[in-house]
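Chemist: Structure provided below as structure tokens; questions to follow.
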Amino acid sequence: MKHTITRISTNIAMTLIIVYSCSKKNADPVPVEDNEDLSLYLHSKDTTGFVWYKNDDTILGIATLPGHDLPKVRTRYNAEAASKLDANGKVIVGSVFATNSLIVKELFDTLNNFKEYAVMCKAPNSPNADAYGWVWGIYSPAGDVESSVKGQGASCTGCHQNTAGSIDLTLMNAGHP
Ligand code: HEC
């Protein structure tokens with residue numbers, strides 16, 4: 001009986017998560033509809049099940065395209081997002097990422113100190129999503145919100161949509177061919 005109740009509450013929790021989110025398949029510690037920044041940060045921080053761009057976790061020099069302020073990057077994809085990577089870990093041209101795809105770019109300073117997470121998450125049902133269903137955020141390693149989902153990607157999509165070689169607004173292939 002206790003087990004059943006646990007299962008039921010887990011299912012309710014999962015349903016809530018799926019409504020908005022880029023979640024893993026277990027219960028979320030926070031009600032995401034109350035704080036999507038916190039939810040996105042927590043999901044970005046937990047690296048379980050992610051796949052690295054080009055299957056490689058090496059910290060790279062940032063793309064020479066106009067871009068983010070820090071000099072070094074590496075990017076990973078949760079299972080949903082990774083389904084759009086080819087065998088070499090590059091994004092398949094023409095891909096449209098599925099709901100719950102989460103792409104996390106880790107940014108570093110010149111000395112490879114980790115400085116921030118830049119995140120994009122396919123969640124078309126979120127009130128914070130842009131016209132393409134992406135939710136955008138930037139967080140410090142400790143979870144401080146540097147760019148909130150509430151901006152609906154207004155400060156992100158200019159580059160991400162208009163740069164040549166963009167695939168469903170993603171730029172890793174364009175910046176790191
Ligand atoms: C001035 C242009 C520019 C702006 C503005 C910009 N980005 Fe980016 N972004 C890039 C480029 C170029 C890359 C390719 C990887 C790199 O930086 O080396 C990238 C990569 C990324 C990635 C890795 C996934 C991918 O393939 O695109 C994420 C996640 C990301 N940016 C999030 C954001 C968020 C969140 C914002 C807004 C708060 C933002 N970006 C604003 C240029 C930009």
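We name chains A, B, ... following the order of the structure tokens; residues begin at 1 in each chain, and ligands are numbered from 1 as shown.
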Compile the contact shell of Asn88 (chain A) as a ChimeraX atom specification: residues with an atom at most 9 Å away, counting only C-alpha atoms, same-chain residues fewer than 3 positions apart removed.
Modeler: /A:53-55,85,91
Chemist: Could the residues that lie within 9 Å of ligand 1, counting only C-alpha atoms and all ligand atoms, be listed as an MDAnalysis selection string?
Modeler: chainID A and resid 53 60:77 91 102:107 117:121 135:138 146:149 151 153:160 163 166:176
Chemist: If you measure from CA of Val51 (chain A) to CA of Gly143 (chain A), what distance in Å do you get, rounded to one decimal?
Modeler: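 That distance, rounded to one decimal, is 21.8 Å.
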Chemist: Please report the interatomic distance between CA of Asp37 (chain A) and CA of Ala82 (chain A) in Å with one decimal.
Modeler: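 Going from CA of Asp37 (chain A) over to CA of Ala82 (chain A) covers 22.0 Å.
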Chemist: Write out as number ranges by chain all residues of region 8-159 of chain A that DSSP puts in helix (DSSP H, G or I) for this structure's backbone.
Modeler: A: 8-20, 36-45, 53-55, 79-82, 149-151, 157-159
Chemist: Please dump the current selection as a compact mmCIF listing (two decimals), in the first residue's frame; keep N, CA and C atoms.
Modeler:
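In the end it all went to again.txt:
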```txt
# COMPACT_ATOMS: atom_id res chain seq x y z
N ILE A 8 2.19 6.40 -6.97
CA ILE A 8 1.22 7.36 -7.47
C ILE A 8 1.76 8.77 -7.35
N SER A 9 2.34 9.10 -6.19
CA SER A 9 2.84 10.47 -6.08
C SER A 9 4.00 10.71 -7.03
N THR A 10 4.81 9.68 -7.26
CA THR A 10 5.88 9.84 -8.24
C THR A 10 5.29 10.13 -9.61
N ASN A 11 4.23 9.40 -9.95
CA ASN A 11 3.62 9.63 -11.26
C ASN A 11 3.06 11.04 -11.38
N ILE A 12 2.45 11.51 -10.31
CA ILE A 12 1.92 12.88 -10.34
C ILE A 12 3.07 13.85 -10.53
N ALA A 13 4.13 13.64 -9.78
CA ALA A 13 5.29 14.53 -9.89
C ALA A 13 5.83 14.50 -11.31
N MET A 14 5.92 13.31 -11.90
CA MET A 14 6.45 13.20 -13.26
C MET A 14 5.58 13.94 -14.25
N THR A 15 4.28 13.83 -14.08
CA THR A 15 3.38 14.52 -14.99
C THR A 15 3.61 16.02 -14.93
N LEU A 16 3.76 16.53 -13.72
CA LEU A 16 4.01 17.96 -13.55
C LEU A 16 5.29 18.37 -14.28
N ILE A 17 6.31 17.54 -14.14
CA ILE A 17 7.59 17.87 -14.76
C ILE A 17 7.45 17.89 -16.28
N ILE A 18 6.77 16.87 -16.81
CA ILE A 18 6.70 16.75 -18.26
C ILE A 18 5.99 17.94 -18.88
N VAL A 19 5.07 18.53 -18.15
CA VAL A 19 4.36 19.69 -18.68
C VAL A 19 5.32 20.77 -19.14
N TYR A 20 6.35 21.05 -18.34
CA TYR A 20 7.15 22.22 -18.66
C TYR A 20 8.54 21.96 -19.16
N GLU A 36 11.21 27.90 -13.10
CA GLU A 36 11.84 27.18 -14.20
C GLU A 36 13.34 27.44 -14.26
N ASP A 37 13.79 28.62 -13.78
CA ASP A 37 15.24 28.86 -13.72
C ASP A 37 15.91 27.84 -12.81
N LEU A 38 15.33 27.63 -11.64
CA LEU A 38 15.93 26.69 -10.70
C LEU A 38 15.91 25.27 -11.27
N SER A 39 14.79 24.89 -11.87
CA SER A 39 14.68 23.56 -12.46
C SER A 39 15.72 23.36 -13.56
N LEU A 40 15.86 24.37 -14.42
CA LEU A 40 16.82 24.27 -15.53
C LEU A 40 18.24 24.19 -15.00
N TYR A 41 18.53 24.98 -14.00
CA TYR A 41 19.86 24.94 -13.37
C TYR A 41 20.15 23.55 -12.81
N LEU A 42 19.19 23.00 -12.06
CA LEU A 42 19.41 21.69 -11.44
C LEU A 42 19.59 20.60 -12.49
N HIS A 43 18.81 20.66 -13.55
CA HIS A 43 18.95 19.66 -14.61
C HIS A 43 20.24 19.84 -15.39
N SER A 44 20.72 21.08 -15.45
CA SER A 44 21.97 21.34 -16.17
C SER A 44 23.17 20.88 -15.38
N LYS A 45 23.06 20.98 -14.08
CA LYS A 45 24.15 20.64 -13.18
C LYS A 45 24.38 19.13 -13.10
N TYR A 53 29.39 16.98 -27.16
CA TYR A 53 29.56 17.32 -28.58
C TYR A 53 30.84 16.66 -29.08
N LYS A 54 30.76 16.06 -30.24
CA LYS A 54 31.86 15.28 -30.83
C LYS A 54 32.36 14.18 -29.89
N ASN A 55 31.48 13.75 -28.98
CA ASN A 55 31.81 12.66 -28.03
C ASN A 55 33.08 12.95 -27.24
N ALA A 79 19.69 12.92 -23.13
CA ALA A 79 19.37 11.81 -24.04
C ALA A 79 18.45 12.25 -25.18
N GLU A 80 17.43 13.06 -24.87
CA GLU A 80 16.52 13.52 -25.93
C GLU A 80 17.30 14.31 -26.97
N ALA A 81 18.12 15.25 -26.52
CA ALA A 81 18.88 16.09 -27.45
C ALA A 81 19.91 15.26 -28.21
N ALA A 82 20.53 14.31 -27.52
CA ALA A 82 21.59 13.50 -28.14
C ALA A 82 21.07 12.62 -29.27
N VAL A 149 15.10 32.63 -17.74
CA VAL A 149 14.17 32.07 -18.72
C VAL A 149 13.06 33.06 -19.06
N LYS A 150 12.77 33.94 -18.13
CA LYS A 150 11.65 34.87 -18.33
C LYS A 150 11.90 35.83 -19.49
N GLY A 151 13.18 35.98 -19.89
CA GLY A 151 13.50 36.83 -21.05
C GLY A 151 13.07 36.20 -22.37
N THR A 157 18.34 34.76 -29.17
CA THR A 157 17.90 34.23 -30.46
C THR A 157 18.42 35.03 -31.65
N GLY A 158 18.80 36.29 -31.45
CA GLY A 158 19.36 37.07 -32.56
C GLY A 158 20.50 36.29 -33.19
N CYS A 159 21.51 36.00 -32.39
CA CYS A 159 22.65 35.20 -32.87
C CYS A 159 22.24 33.80 -33.24
```
Chemist: Quick one, how far is CA of Thr58 (chain A) from CA of Ala142 (chain A)?
Modeler: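 Between CA of Thr58 (chain A) and CA of Ala142 (chain A) the gap works out to 22.1 Å.
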Chemist: Find, counting only C-alpha atoms, the residue in A:Gln152, A:Gly165, A:Pro141, A:Asp56 that gets nearest to Gly94 (chain A).
Modeler: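 Residue with the minimum atom-to-atom distance to Gly94 (chain A): A:Gly165.
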Chemist: For a quick check of understanding, using only C-alpha atoms, which of A:Ser140, A:Ala123, A:Val145, A:Asn128 has the smallest distance to Ser101 (chain A)?
Modeler: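 Nearest candidate to Ser101 (chain A) out of A:Ser140, A:Ala123, A:Val145, A:Asn128: A:Ala123.
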Chemist: Please return, as a PyMOL selection string, all residues of chain A that DSSP assigns to strand (DSSP E) on the basis of the backbone.
Modeler: chain A and resi 51-52+60-61+72-77+102-108+114-122+134-139+145-147
Chemist: Save the residues we just selected, N, CA and C atoms, as a tab-separated table (two decimals), in the first residue's frame?
Modeler:
```
chain	number	residue	atom	x	y	z
A	51	VAL	N	25.60	13.45	-23.35
A	51	VAL	CA	26.60	13.08	-24.35
A	51	VAL	C	27.31	14.37	-24.79
A	52	TRP	N	28.63	14.34	-24.87
A	52	TRP	CA	29.39	15.53	-25.26
A	52	TRP	C	29.37	15.74	-26.77
A	60	LEU	N	37.22	23.48	-25.10
A	60	LEU	CA	37.63	24.05	-26.38
A	60	LEU	C	37.75	25.56	-26.29
A	61	GLY	N	38.54	26.17	-27.18
A	61	GLY	CA	38.49	27.61	-27.35
A	61	GLY	C	37.13	27.96	-27.92
A	72	LYS	N	36.36	29.92	-23.17
A	72	LYS	CA	36.43	28.47	-23.39
A	72	LYS	C	35.08	27.79	-23.13
A	73	VAL	N	34.83	26.73	-23.86
A	73	VAL	CA	33.52	26.07	-23.79
A	73	VAL	C	33.64	24.55	-23.96
A	74	ARG	N	32.60	23.88	-23.48
A	74	ARG	CA	32.31	22.51	-23.93
A	74	ARG	C	30.82	22.31	-23.74
A	75	THR	N	30.24	21.46	-24.58
A	75	THR	CA	28.77	21.38	-24.67
A	75	THR	C	28.32	19.92	-24.63
A	76	ARG	N	27.24	19.73	-23.87
A	76	ARG	CA	26.69	18.36	-23.75
A	76	ARG	C	25.18	18.37	-23.97
A	77	TYR	N	24.65	17.17	-24.28
A	77	TYR	CA	23.27	16.99	-24.70
A	77	TYR	C	22.63	15.89	-23.85
A	102	LEU	N	17.63	19.00	-23.81
A	102	LEU	CA	18.36	19.97	-22.99
A	102	LEU	C	19.81	20.00	-23.47
A	103	ILE	N	20.27	21.20	-23.84
A	103	ILE	CA	21.65	21.37	-24.30
A	103	ILE	C	22.33	22.33	-23.33
A	104	VAL	N	23.44	21.88	-22.77
A	104	VAL	CA	24.14	22.66	-21.74
A	104	VAL	C	25.54	22.98	-22.23
A	105	LYS	N	25.83	24.27	-22.34
A	105	LYS	CA	27.18	24.71	-22.67
A	105	LYS	C	27.84	25.17	-21.38
A	106	GLU	N	28.99	24.59	-21.06
A	106	GLU	CA	29.76	25.00	-19.89
A	106	GLU	C	30.81	26.00	-20.37
A	107	LEU	N	30.90	27.13	-19.69
A	107	LEU	CA	31.86	28.16	-20.08
A	107	LEU	C	32.95	28.30	-19.03
A	108	PHE	N	34.18	28.54	-19.49
A	108	PHE	CA	35.36	28.58	-18.61
A	108	PHE	C	36.19	29.82	-18.90
A	114	PHE	N	35.66	26.77	-14.22
A	114	PHE	CA	34.27	26.75	-14.68
A	114	PHE	C	33.54	28.00	-14.19
A	115	LYS	N	32.89	28.71	-15.10
A	115	LYS	CA	32.27	30.00	-14.76
A	115	LYS	C	30.76	30.05	-14.91
A	116	GLU	N	30.20	29.39	-15.93
A	116	GLU	CA	28.74	29.44	-16.04
A	116	GLU	C	28.18	28.35	-16.96
A	117	TYR	N	26.88	28.10	-16.75
A	117	TYR	CA	26.12	27.23	-17.64
A	117	TYR	C	25.27	28.13	-18.55
A	118	ALA	N	25.38	27.92	-19.88
A	118	ALA	CA	24.43	28.53	-20.82
A	118	ALA	C	23.57	27.38	-21.33
A	119	VAL	N	22.26	27.56	-21.27
A	119	VAL	CA	21.36	26.42	-21.41
A	119	VAL	C	20.23	26.72	-22.39
A	120	MET	N	19.91	25.75	-23.21
A	120	MET	CA	18.69	25.84	-24.02
A	120	MET	C	17.93	24.53	-23.91
A	121	CYS	N	16.62	24.66	-23.75
A	121	CYS	CA	15.77	23.52	-23.40
A	121	CYS	C	14.50	23.59	-24.25
A	122	LYS	N	14.16	22.50	-24.95
A	122	LYS	CA	12.95	22.51	-25.78
A	122	LYS	C	11.74	22.22	-24.89
A	134	TRP	N	12.05	26.94	-27.62
A	134	TRP	CA	13.24	26.88	-26.75
A	134	TRP	C	13.07	27.81	-25.55
A	135	VAL	N	13.55	27.33	-24.41
A	135	VAL	CA	13.66	28.14	-23.19
A	135	VAL	C	15.15	28.34	-22.95
A	136	TRP	N	15.56	29.58	-22.65
A	136	TRP	CA	16.98	29.94	-22.57
A	136	TRP	C	17.34	30.45	-21.18
A	137	GLY	N	18.52	30.07	-20.67
A	137	GLY	CA	18.95	30.60	-19.37
A	137	GLY	C	20.45	30.53	-19.23
A	138	ILE	N	20.99	31.40	-18.37
A	138	ILE	CA	22.41	31.34	-18.02
A	138	ILE	C	22.51	31.39	-16.49
A	139	TYR	N	23.33	30.46	-15.93
A	139	TYR	CA	23.44	30.30	-14.47
A	139	TYR	C	24.90	30.22	-14.05
A	145	VAL	N	21.07	33.27	-11.09
A	145	VAL	CA	20.50	33.48	-12.42
A	145	VAL	C	21.19	34.67	-13.08
A	146	GLU	N	21.91	34.42	-14.15
A	146	GLU	CA	22.59	35.50	-14.87
A	146	GLU	C	21.76	35.97	-16.05
A	147	SER	N	20.95	35.07	-16.60
A	147	SER	CA	19.99	35.44	-17.64
A	147	SER	C	18.78	34.53	-17.45
```
Chemist: Which one is closest to Gly133 (chain A): A:Asn162, A:Ala98, A:Val93, A:Asp109? Count only C-alpha atoms.
Modeler: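 For Gly133 (chain A), the nearest of the given residues is A:Ala98.
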